[in-house]
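Below: model10.tsv (TSV, C-alpha atoms)
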chain	number	residue	atom	x	y	z
A	1361	MET	CA	1.59	4.12	-24.05
A	1362	GLY	CA	-0.17	1.29	-22.30
A	1363	THR	CA	-1.29	1.10	-18.69
A	1364	LEU	CA	0.95	-0.10	-15.88
A	1365	PRO	CA	-0.81	-2.62	-13.62
A	1366	ALA	CA	-1.99	-0.88	-10.47
A	1367	ASP	CA	0.07	-3.09	-8.16
A	1368	LEU	CA	3.40	-2.28	-9.86
A	1369	ARG	CA	5.50	0.89	-10.06
A	1370	MET	CA	7.82	2.20	-12.75
A	1371	ILE	CA	10.83	4.44	-12.13
A	1372	ASP	CA	12.39	6.49	-14.91
A	1373	ASP	CA	16.15	6.23	-14.37
A	1374	LEU	CA	16.72	9.38	-16.48
A	1375	HIS	CA	19.77	8.01	-18.24
A	1376	LEU	CA	22.16	10.87	-19.08
A	1377	GLY	CA	19.41	13.16	-17.83
A	1378	LEU	CA	16.90	12.14	-20.50
A	1379	PRO	CA	13.45	10.66	-19.81
A	1380	HIS	CA	12.06	7.49	-21.36
A	1381	VAL	CA	15.39	5.74	-21.98
A	1382	ILE	CA	15.73	3.22	-19.11
A	1383	ALA	CA	12.95	2.05	-16.81
A	1384	THR	CA	13.27	0.09	-13.59
A	1385	TYR	CA	10.16	-1.71	-12.36
A	1386	LEU	CA	9.35	-1.91	-8.67
A	1387	VAL	CA	7.42	-4.91	-7.38
A	1388	PRO	CA	6.13	-3.73	-4.00
A	1389	GLY	CA	5.36	-6.05	-1.13
A	1390	ASP	CA	6.76	-7.31	2.14
A	1391	GLN	CA	10.04	-8.08	0.32
A	1392	PRO	CA	10.29	-5.41	-2.39
A	1393	ALA	CA	11.93	-6.37	-5.67
A	1394	ILE	CA	13.11	-4.45	-8.70
A	1395	VAL	CA	13.42	-5.65	-12.26
A	1396	ASP	CA	16.60	-4.39	-14.00
A	1397	PRO	CA	18.25	-1.72	-11.80
A	1398	GLY	CA	19.90	-0.02	-14.76
A	1399	PRO	CA	23.52	1.15	-14.77
A	1400	ALA	CA	25.41	2.53	-11.79
A	1401	SER	CA	25.46	5.93	-13.50
A	1402	THR	CA	21.73	6.26	-12.69
A	1403	LEU	CA	21.72	4.92	-9.11
A	1404	SER	CA	20.99	8.33	-7.59
A	1405	THR	CA	17.92	8.65	-9.82
A	1406	LEU	CA	16.80	5.14	-8.92
A	1407	ALA	CA	17.14	6.00	-5.23
A	1408	ALA	CA	15.11	9.17	-5.71
A	1409	GLY	CA	12.43	7.24	-7.59
A	1410	LEU	CA	12.18	4.64	-4.82
A	1411	ALA	CA	11.87	7.43	-2.26
A	1412	THR	CA	8.70	8.65	-3.96
A	1413	HIS	CA	7.23	5.24	-3.08
A	1414	GLY	CA	8.45	5.36	0.51
A	1415	LEU	CA	11.45	3.07	-0.01
A	1416	ALA	CA	15.23	3.34	0.15
A	1417	LEU	CA	17.72	1.24	-1.79
A	1418	GLY	CA	18.45	-0.71	1.39
A	1419	ASP	CA	14.79	-1.73	1.68
A	1420	LEU	CA	15.03	-3.77	-1.50
A	1421	GLN	CA	15.34	-7.53	-1.06
A	1422	HIS	CA	15.52	-8.86	-4.63
A	1423	ILE	CA	17.00	-7.80	-7.98
A	1424	LEU	CA	15.51	-9.57	-10.98
A	1425	LEU	CA	17.68	-9.31	-14.09
A	1426	THR	CA	16.23	-9.94	-17.52
A	1427	HIS	CA	19.79	-10.07	-18.88
A	1428	ILE	CA	23.24	-8.76	-18.04
A	1429	HIS	CA	23.70	-5.94	-20.57
A	1430	LEU	CA	24.96	-2.85	-18.76
A	1431	ASP	CA	21.91	-0.68	-19.37
A	1432	HIS	CA	19.86	-3.29	-17.52
A	1433	ALA	CA	22.17	-4.87	-14.96
A	1434	GLY	CA	25.25	-2.65	-14.68
A	1435	ALA	CA	24.46	-1.37	-11.16
A	1436	THR	CA	23.91	-4.84	-9.67
A	1437	GLY	CA	27.40	-5.36	-8.25
A	1438	VAL	CA	27.54	-1.91	-6.70
A	1439	LEU	CA	24.14	-2.44	-5.08
A	1440	VAL	CA	25.10	-5.83	-3.64
A	1441	ARG	CA	28.37	-4.42	-2.29
A	1442	ARG	CA	26.41	-1.71	-0.46
A	1443	PHE	CA	23.58	-4.01	0.62
A	1444	PRO	CA	24.91	-7.58	0.99
A	1445	HIS	CA	21.47	-8.98	1.85
A	1446	LEU	CA	20.26	-8.52	-1.75
A	1447	ARG	CA	19.30	-11.64	-3.69
A	1448	VAL	CA	20.00	-11.45	-7.45
A	1449	TYR	CA	18.25	-13.60	-10.08
A	1450	ALA	CA	19.84	-14.11	-13.50
A	1451	HIS	CA	20.05	-16.53	-16.42
A	1452	GLN	CA	22.62	-19.29	-16.01
A	1453	ARG	CA	24.54	-18.12	-19.10
A	1454	GLY	CA	24.89	-14.62	-17.66
A	1455	VAL	CA	25.87	-15.55	-14.12
A	1456	PRO	CA	29.60	-16.13	-14.82
A	1457	HIS	CA	29.82	-12.60	-16.23
A	1458	LEU	CA	28.18	-11.12	-13.16
A	1459	VAL	CA	30.63	-12.91	-10.87
A	1460	ALA	CA	33.65	-11.99	-13.02
A	1461	PRO	CA	32.64	-9.06	-15.27
A	1462	GLU	CA	36.01	-8.47	-16.94
A	1463	LYS	CA	35.03	-10.10	-20.25
A	1464	LEU	CA	31.70	-8.25	-20.26
A	1465	ILE	CA	33.53	-4.96	-19.66
A	1466	ARG	CA	36.00	-5.63	-22.47
A	1467	SER	CA	33.18	-6.51	-24.85
A	1468	ALA	CA	31.25	-3.35	-23.97
A	1469	ALA	CA	34.38	-1.22	-24.24
A	1470	ARG	CA	34.79	-2.31	-27.86
A	1471	LEU	CA	31.38	-0.78	-28.55
A	1472	TYR	CA	31.45	2.30	-26.32
A	1473	GLY	CA	35.14	3.15	-25.96
A	1474	ASP	CA	35.84	6.25	-23.87
A	1475	GLU	CA	32.12	6.67	-23.16
A	1476	MET	CA	31.98	3.64	-20.83
A	1477	ASP	CA	32.18	5.53	-17.54
A	1478	ARG	CA	29.81	8.32	-18.59
A	1479	LEU	CA	27.24	5.86	-19.88
A	1480	TRP	CA	27.39	3.11	-17.28
A	1481	GLY	CA	29.46	4.12	-14.25
A	1482	GLU	CA	31.18	1.54	-12.07
A	1483	ILE	CA	30.75	-2.15	-12.91
A	1484	ALA	CA	31.45	-4.34	-9.86
A	1485	PRO	CA	31.38	-8.12	-9.47
A	1486	VAL	CA	28.41	-9.82	-7.82
A	1487	PRO	CA	29.32	-12.52	-5.25
A	1488	ALA	CA	28.16	-15.93	-6.40
A	1489	ALA	CA	26.54	-16.53	-3.01
A	1490	ASN	CA	24.06	-13.71	-3.71
A	1491	ILE	CA	22.89	-15.14	-7.04
A	1492	THR	CA	20.00	-17.46	-7.78
A	1493	THR	CA	20.67	-19.08	-11.15
A	1494	LEU	CA	17.76	-19.39	-13.58
A	1495	ALA	CA	17.30	-21.55	-16.66
A	1496	GLY	CA	13.62	-20.92	-17.36
A	1497	GLY	CA	10.77	-22.94	-15.97
A	1498	GLU	CA	11.10	-21.71	-12.40
A	1499	THR	CA	8.36	-20.03	-10.39
A	1500	LEU	CA	9.60	-17.37	-7.98
A	1501	ARG	CA	7.53	-16.60	-4.91
A	1502	LEU	CA	8.51	-13.16	-3.76
A	1503	ALA	CA	6.99	-9.80	-2.87
A	1504	GLY	CA	3.73	-11.62	-2.16
A	1505	ARG	CA	3.26	-12.97	-5.69
A	1506	ARG	CA	4.26	-15.71	-8.13
A	1507	LEU	CA	6.55	-14.86	-11.03
A	1508	ARG	CA	7.03	-17.48	-13.72
A	1509	VAL	CA	10.45	-17.45	-15.40
A	1510	PHE	CA	10.88	-18.17	-19.11
A	1511	ASP	CA	14.05	-18.67	-21.10
A	1512	ALA	CA	13.87	-15.96	-23.78
A	1513	PRO	CA	16.76	-16.09	-26.27
A	1514	GLY	CA	16.86	-13.75	-29.25
A	1515	HIS	CA	18.16	-10.40	-28.05
A	1516	ALA	CA	20.70	-12.29	-25.94
A	1517	SER	CA	21.30	-15.94	-25.14
A	1518	HIS	CA	21.23	-15.06	-21.42
A	1519	HIS	CA	17.80	-13.39	-21.48
A	1520	VAL	CA	14.83	-14.37	-19.32
A	1521	ILE	CA	11.40	-12.83	-18.98
A	1522	TYR	CA	9.22	-12.81	-15.89
A	1523	PHE	CA	5.45	-13.33	-16.01
A	1524	ASP	CA	3.49	-11.99	-13.05
A	1525	GLN	CA	0.53	-14.33	-12.72
A	1526	SER	CA	-1.33	-11.99	-10.37
A	1527	ASN	CA	-1.81	-9.24	-12.96
A	1528	GLY	CA	-0.80	-10.71	-16.33
A	1529	ALA	CA	2.24	-8.45	-16.68
A	1530	MET	CA	5.27	-9.65	-18.64
A	1531	PHE	CA	8.61	-8.05	-17.77
A	1532	MET	CA	10.12	-8.10	-21.26
A	1533	GLY	CA	13.58	-6.58	-20.86
A	1534	ASP	CA	14.70	-6.12	-24.48
A	1535	THR	CA	12.65	-8.98	-25.90
A	1536	GLY	CA	10.10	-6.44	-27.14
A	1537	GLY	CA	12.64	-3.88	-28.32
A	1538	VAL	CA	12.00	-0.16	-27.89
A	1539	CYS	CA	8.74	1.78	-27.89
A	1540	LEU	CA	8.49	5.31	-26.52
A	1541	PRO	CA	5.35	6.74	-24.91
A	1542	ASP	CA	4.97	9.62	-27.39
A	1543	LEU	CA	5.59	7.49	-30.50
A	1544	PRO	CA	3.97	4.04	-30.32
A	1545	VAL	CA	6.12	2.42	-33.00
A	1546	PRO	CA	8.14	-0.73	-32.15
A	1547	ARG	CA	11.85	-0.49	-32.87
A	1548	PRO	CA	14.10	-3.56	-32.79
A	1549	ALA	CA	16.98	-3.69	-30.33
A	1550	THR	CA	19.62	-5.84	-32.01
A	1551	PRO	CA	23.12	-4.98	-30.69
A	1552	PRO	CA	26.04	-7.43	-30.75
A	1553	PRO	CA	27.13	-9.99	-29.85
A	1554	ASP	CA	24.56	-12.81	-29.89
A	1555	ILE	CA	21.41	-11.76	-31.74
A	1556	ASP	CA	19.46	-14.82	-32.93
A	1557	ILE	CA	16.45	-13.96	-35.09
A	1558	GLU	CA	15.07	-17.48	-35.32
A	1559	ALA	CA	15.21	-17.95	-31.54
A	1560	TRP	CA	13.72	-14.49	-31.07
A	1561	LEU	CA	10.70	-15.27	-33.22
A	1562	ARG	CA	10.14	-18.44	-31.19
A	1563	THR	CA	10.35	-16.41	-27.98
A	1564	LEU	CA	7.80	-13.90	-29.27
A	1565	ALA	CA	5.46	-16.77	-30.19
A	1566	MET	CA	5.83	-18.16	-26.68
A	1567	VAL	CA	5.00	-14.76	-25.16
A	1568	GLU	CA	1.97	-14.49	-27.41
A	1569	SER	CA	0.75	-17.94	-26.30
A	1570	LEU	CA	0.68	-16.76	-22.68
A	1571	ALA	CA	-1.72	-13.91	-23.57
A	1572	PRO	CA	-0.15	-11.32	-21.25
A	1573	ARG	CA	-2.30	-8.35	-20.30
A	1574	ALA	CA	0.68	-5.95	-20.17
A	1575	LEU	CA	4.10	-5.94	-21.84
A	1576	LEU	CA	6.60	-3.97	-19.77
A	1577	LEU	CA	9.66	-2.77	-21.70
A	1578	THR	CA	12.85	-1.43	-20.20
A	1579	HIS	CA	12.93	1.04	-23.13
A	1580	PHE	CA	10.29	2.28	-22.28
A	1581	GLY	CA	7.23	1.42	-20.24
A	1582	PRO	CA	4.05	-0.54	-20.93
A	1583	THR	CA	3.27	-1.01	-24.62
A	1584	TYR	CA	0.00	-0.55	-26.36
A	1585	GLN	CA	-2.35	-3.55	-26.71
A	1586	PRO	CA	-0.07	-6.61	-26.24
A	1587	ALA	CA	-1.27	-8.82	-29.10
A	1588	ALA	CA	-1.09	-5.95	-31.59
A	1589	TYR	CA	2.30	-4.89	-30.29
A	1590	LEU	CA	3.75	-8.38	-30.60
A	1591	ALA	CA	2.54	-8.63	-34.20
A	1592	ASP	CA	3.98	-5.21	-35.03
A	1593	TYR	CA	7.29	-5.98	-33.36
A	1594	ARG	CA	7.64	-9.34	-35.09
A	1595	ALA	CA	7.10	-7.63	-38.44
A	1596	ALA	CA	9.61	-4.86	-37.67
A	1597	LEU	CA	12.25	-7.36	-36.54
A	1598	ALA	CA	11.84	-9.46	-39.69
A	1599	ARG	CA	11.92	-6.34	-41.88
A	1600	TRP	CA	15.16	-5.06	-40.33
A	1601	ALA	CA	16.80	-8.47	-40.44
A	1602	GLU	CA	16.01	-8.94	-44.12
A	1603	LEU	CA	17.21	-5.42	-44.97
A	1604	VAL	CA	20.59	-6.09	-43.34
A	1605	ARG	CA	20.87	-9.51	-45.01
A	1606	ALA	CA	20.20	-7.97	-48.41
A	1607	GLY	CA	22.67	-5.18	-47.70
A	1608	LEU	CA	25.44	-7.64	-46.89
A	1609	HIS	CA	24.81	-9.44	-50.19
A	1610	SER	CA	24.67	-6.16	-52.13
A	1611	GLY	CA	28.34	-5.36	-51.76
A	1612	ALA	CA	27.61	-1.88	-50.42
A	1613	ASP	CA	30.08	-0.59	-47.85
A	1614	GLU	CA	29.23	-0.52	-44.16
A	1615	PRO	CA	28.37	3.21	-43.90
A	1616	ALA	CA	25.95	2.86	-46.83
A	1617	GLN	CA	24.27	-0.15	-45.23
A	1618	ILE	CA	23.93	1.63	-41.89
A	1619	ALA	CA	22.44	4.63	-43.70
A	1620	GLN	CA	19.91	2.32	-45.35
A	1621	LEU	CA	18.89	0.88	-41.97
A	1622	ARG	CA	18.59	4.40	-40.57
A	1623	ALA	CA	16.33	5.34	-43.47
A	1624	GLN	CA	14.15	2.31	-42.70
A	1625	ALA	CA	13.94	3.31	-39.04
A	1626	LEU	CA	12.86	6.83	-40.00
A	1627	ALA	CA	10.28	5.45	-42.40
A	1628	ASP	CA	8.92	3.22	-39.64
A	1629	MET	CA	8.59	6.20	-37.30
A	1630	GLY	CA	7.04	8.62	-39.76
A	1631	SER	CA	8.23	12.12	-38.88
A	1632	PRO	CA	9.66	11.98	-35.36
A	1633	SER	CA	10.77	15.15	-33.62
A	1634	ALA	CA	14.50	15.63	-33.07
A	1635	ALA	CA	14.00	15.03	-29.34
A	1636	THR	CA	12.15	11.75	-29.91
A	1637	LEU	CA	14.78	10.58	-32.38
A	1638	GLU	CA	17.50	11.31	-29.81
A	1639	LEU	CA	15.71	9.13	-27.26
A	1640	PHE	CA	15.32	6.26	-29.72
A	1641	ASP	CA	18.98	6.47	-30.67
A	1642	GLN	CA	20.11	6.54	-27.03
A	1643	ALA	CA	18.01	3.49	-26.21
A	1644	SER	CA	18.80	1.61	-29.44
A	1645	ALA	CA	21.55	3.04	-31.63
A	1646	ILE	CA	21.24	2.29	-35.35
A	1647	GLU	CA	24.95	1.53	-35.77
A	1648	LEU	CA	24.83	-1.08	-33.00
A	1649	ASN	CA	21.61	-2.55	-34.37
A	1650	TRP	CA	23.23	-2.97	-37.77
A	1651	GLN	CA	26.34	-4.54	-36.21
A	1652	GLY	CA	24.26	-7.06	-34.28
A	1653	LEU	CA	22.21	-8.10	-37.30
A	1654	ALA	CA	25.24	-8.23	-39.57
A	1655	ARG	CA	27.03	-10.48	-37.09
A	1656	TYR	CA	23.98	-12.76	-36.95
A	1657	TRP	CA	23.86	-13.17	-40.74
A	1658	ARG	CA	27.61	-13.67	-41.08
A	1659	LYS	CA	27.55	-16.42	-38.47
A	1660	ARG	CA	24.42	-18.04	-39.93
A	1661	GLU	CA	25.51	-17.91	-43.58
A	1662	GLY	CA	29.18	-18.49	-43.05

When written as structure tokens, how does the structure in this file appear?
Amino acid sequence: MGTLPADLRMIDDLHLGLPHVIATYLVPGDQPAIVDPGPASTLSTLAAGLATHGLALGDLQHILLTHIHLDHAGATGVLVRRFPHLRVYAHQRGVPHLVAPEKLIRSAARLYGDEMDRLWGEIAPVPAANITTLAGGETLRLAGRRLRVFDAPGHASHHVIYFDQSNGAMFMGDTGGVCLPDLPVPRPATPPPDIDIEAWLRTLAMVESLAPRALLLTHFGPTYQPAAYLADYRAALARWAELVRAGLHSGADEPAQIAQLRAQALADMGSPSAATLELFDQASAIELNWQGLARYWRKREG
């Protein structure tokens, strides 16, 4: 695991009681901000984590969303309802689904079914008046620092990343996939519905060109040396994408193709413990990764 810049804080949201699944980053200052609050199901843990840094939820002034997937942004509406002063920042393509989350909820329900409430908790709308819409290219001045905003498609079309110019930290959301502290192996995060490998590779090249000193993942924490991590992640993403493409052309049935991707993931990780494998699967389920990549290839190849 890499080193968190000294002027930032990381809170483990302990999703479903497990460590190292979802991280929320605290940007301290005169107007404290958080990056990706996580789902409403972990709000009590987020509150407890803030308390260790002398803050309450009501002390927060800004919520920076990398994208609107429920494991990153699900609690936003509940937080704004409780604390109407909060200012929310999100990509322009995601804003309509924050204001009216019904379509987002239906889409997620197709993936998670009866597990929706247990996994994510309440999903409430965010008033449009509380949202600052981002397209990439903005510089946010908040919490006593400058954060540059970059459009970052690949994992999702509504993804942005934030670059803290004061310390060289890049808040990556899911752009850098999953990497756990006790197993420094990058794992792609490619769930439906709008994975775009070509755009993702361009985004990774853009991140690399900025030479960040720290890559901060939601799943989970600061990575090892940024340049090496980006190279490793790019290779893993290309490897998984090609495996799924070849599987679709092979004529094998879906369970067999998912099993092949699972075998690749295990090979990438070496010999993970059962506990580590559970954490990886909770943060980035193989079945959903296969579905996202398969959808990408079907759309791209007709």

Inset, instruction - Quote the spacing between atom CA of Val1459 of chain A and atom CA of Thr1492 of chain A in Å to one decimal place. - result: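 These atoms are spaced 12.0 Å apart.
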
Legend entry - Contacts of Ile1521 of chain A at 10 Å (all atoms listed in the file; same-chain gap of 3+ positions) as an MDAnalysis selection string: chainID A and resid 1424:1427 1451 1496 1507:1513 1524 1530:1535 1563 1567

Legend entry - Nearest candidate to His1518 of chain A (options A:Arg1599, A:Arg1453, A:Arg1369, A:His1422; using only C-alpha atoms):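 For His1518 of chain A, the nearest of the given residues is A:Arg1453.
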
Legend entry - For His1375 of chain A, the nearest of the candidates A:Gly1581, A:Gly1389, A:Gly1398, A:Pro1586, counting all atoms listed in the file: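 Nearest candidate to His1375 of chain A out of A:Gly1581, A:Gly1389, A:Gly1398, A:Pro1586: A:Gly1398.
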
Legend entry - Proximity to His1515 of chain A - best of A:Ala1559, A:Leu1500, A:Leu1626, A:Ala1484, all atoms listed in the file: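 Nearest candidate to His1515 of chain A out of A:Ala1559, A:Leu1500, A:Leu1626, A:Ala1484: A:Ala1559.
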
All residues 10 Å or closer to Ala1598 of chain A, only C-alpha atoms, same chain fewer than 4 positions away omitted, as a PDB file with C-alpha atoms, in the frame of the given file:
ATOM      1  CA  PRO A1548      14.100  -3.560 -32.790  1.00  0.00           C
ATOM      2  CA  ILE A1557      16.450 -13.960 -35.090  1.00  0.00           C
ATOM      3  CA  GLU A1558      15.070 -17.480 -35.320  1.00  0.00           C
ATOM      4  CA  LEU A1561      10.700 -15.270 -33.220  1.00  0.00           C
ATOM      5  CA  TYR A1593       7.290  -5.980 -33.360  1.00  0.00           C
ATOM      6  CA  ARG A1594       7.640  -9.340 -35.090  1.00  0.00           C
ATOM      7  CA  GLU A1602      16.010  -8.940 -44.120  1.00  0.00           C
ATOM      8  CA  LEU A1603      17.210  -5.420 -44.970  1.00  0.00           C
TER       9      LEU A1603
END

Inset, instruction - Return the single residue from A:Ala1549, A:Leu1570, A:Leu1374, A:Val1486 that is closest to Ala1645 of chain A, with distances computed using only C-alpha atoms. - result: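 Looking only at the distances to Ala1645 of chain A, the closest residue turns out to be A:Ala1549.
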
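Distance-wise, atom CA of Asp1373 of chain A and atom CA of Val1448 of chain A end up 19.4 Å apart.
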
Legend entry - Residue neighbourhood Phe1580 of chain A, 9 Å, all atoms listed in the file, exclusion window fewer than 3 positions, as a count of residues only: 14

Inset, instruction - Would you please work out which residue, of A:His1579, A:Gly1481, A:Leu1597, A:Thr1436, is nearest to Ile1371 of chain A when using all atoms listed in the file? - result: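 That would be A:His1579, the residue with the smallest distance to Ile1371 of chain A.
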
Inset, instruction - One decimal, Å: what's the distance from atom CA of Leu1420 of chain A over to atom CA of Leu1378 of chain A, could you say? - result: 24.9 Å

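With all atoms listed in the file as the basis for measurement, A:Leu1406 is the residue among A:Leu1406, A:Ala1654, A:Leu1376, A:Leu1415 that approaches Ala1435 of chain A most closely.
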
Please identify all polymer residues within 12 Å of Val1438 of chain A, counting all atoms listed in the file, omitting same-chain residues fewer than 4 positions from it, and present them as a PDB file with C-alpha atoms, keeping the file's coordinate frame.
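Dumped everything to around-v3.pdb:
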ATOM      1  CA  PRO A1397      18.250  -1.720 -11.800  1.00  0.00           C
ATOM      2  CA  GLY A1398      19.900  -0.020 -14.760  1.00  0.00           C
ATOM      3  CA  PRO A1399      23.520   1.150 -14.770  1.00  0.00           C
ATOM      4  CA  ALA A1400      25.410   2.530 -11.790  1.00  0.00           C
ATOM      5  CA  SER A1401      25.460   5.930 -13.500  1.00  0.00           C
ATOM      6  CA  THR A1402      21.730   6.260 -12.690  1.00  0.00           C
ATOM      7  CA  LEU A1403      21.720   4.920  -9.110  1.00  0.00           C
ATOM      8  CA  LEU A1417      17.720   1.240  -1.790  1.00  0.00           C
ATOM      9  CA  ALA A1433      22.170  -4.870 -14.960  1.00  0.00           C
ATOM     10  CA  GLY A1434      25.250  -2.650 -14.680  1.00  0.00           C
ATOM     11  CA  ARG A1442      26.410  -1.710  -0.460  1.00  0.00           C
ATOM     12  CA  PHE A1443      23.580  -4.010   0.620  1.00  0.00           C
ATOM     13  CA  PRO A1444      24.910  -7.580   0.990  1.00  0.00           C
ATOM     14  CA  LEU A1446      20.260  -8.520  -1.750  1.00  0.00           C
ATOM     15  CA  LEU A1458      28.180 -11.120 -13.160  1.00  0.00           C
ATOM     16  CA  TRP A1480      27.390   3.110 -17.280  1.00  0.00           C
ATOM     17  CA  GLY A1481      29.460   4.120 -14.250  1.00  0.00           C
ATOM     18  CA  GLU A1482      31.180   1.540 -12.070  1.00  0.00           C
ATOM     19  CA  ILE A1483      30.750  -2.150 -12.910  1.00  0.00           C
ATOM     20  CA  ALA A1484      31.450  -4.340  -9.860  1.00  0.00           C
ATOM     21  CA  PRO A1485      31.380  -8.120  -9.470  1.00  0.00           C
ATOM     22  CA  VAL A1486      28.410  -9.820  -7.820  1.00  0.00           C
ATOM     23  CA  PRO A1487      29.320 -12.520  -5.250  1.00  0.00           C
TER      24      PRO A1487
END

As a compact mmCIF listing (two decimals), in the frame of the given file, could you write out segment 1624-1637 of chain A once it has been completed with N, CA and C atoms?
# COMPACT_ATOMS: atom_id res chain seq x y z
N GLN A 1624 15.27 3.18 -43.03
CA GLN A 1624 14.15 2.31 -42.70
C GLN A 1624 13.55 2.67 -41.35
N ALA A 1625 14.42 2.94 -40.37
CA ALA A 1625 13.94 3.31 -39.04
C ALA A 1625 13.13 4.60 -39.10
N LEU A 1626 13.60 5.57 -39.86
CA LEU A 1626 12.86 6.83 -40.00
C LEU A 1626 11.53 6.61 -40.70
N ALA A 1627 11.54 5.75 -41.71
CA ALA A 1627 10.28 5.45 -42.40
C ALA A 1627 9.29 4.77 -41.46
N ASP A 1628 9.79 3.89 -40.61
CA ASP A 1628 8.92 3.22 -39.64
C ASP A 1628 8.28 4.21 -38.68
N MET A 1629 9.06 5.25 -38.31
CA MET A 1629 8.59 6.20 -37.30
C MET A 1629 7.77 7.34 -37.87
N GLY A 1630 7.76 7.49 -39.18
CA GLY A 1630 7.04 8.62 -39.76
C GLY A 1630 7.90 9.86 -39.73
N SER A 1631 7.48 10.86 -38.98
CA SER A 1631 8.23 12.12 -38.88
C SER A 1631 8.47 12.44 -37.42
N PRO A 1632 9.42 11.74 -36.78
CA PRO A 1632 9.66 11.98 -35.36
C PRO A 1632 10.32 13.33 -35.13
N SER A 1633 10.07 13.92 -33.98
CA SER A 1633 10.77 15.15 -33.62
C SER A 1633 12.24 14.82 -33.34
N ALA A 1634 13.08 15.83 -33.35
CA ALA A 1634 14.50 15.63 -33.07
C ALA A 1634 14.69 15.05 -31.68
N ALA A 1635 13.88 15.52 -30.72
CA ALA A 1635 14.00 15.03 -29.34
C ALA A 1635 13.63 13.56 -29.25
N THR A 1636 12.56 13.16 -29.92
CA THR A 1636 12.15 11.75 -29.91
C THR A 1636 13.19 10.87 -30.58
N LEU A 1637 13.75 11.34 -31.68
CA LEU A 1637 14.78 10.58 -32.38
C LEU A 1637 16.01 10.39 -31.50
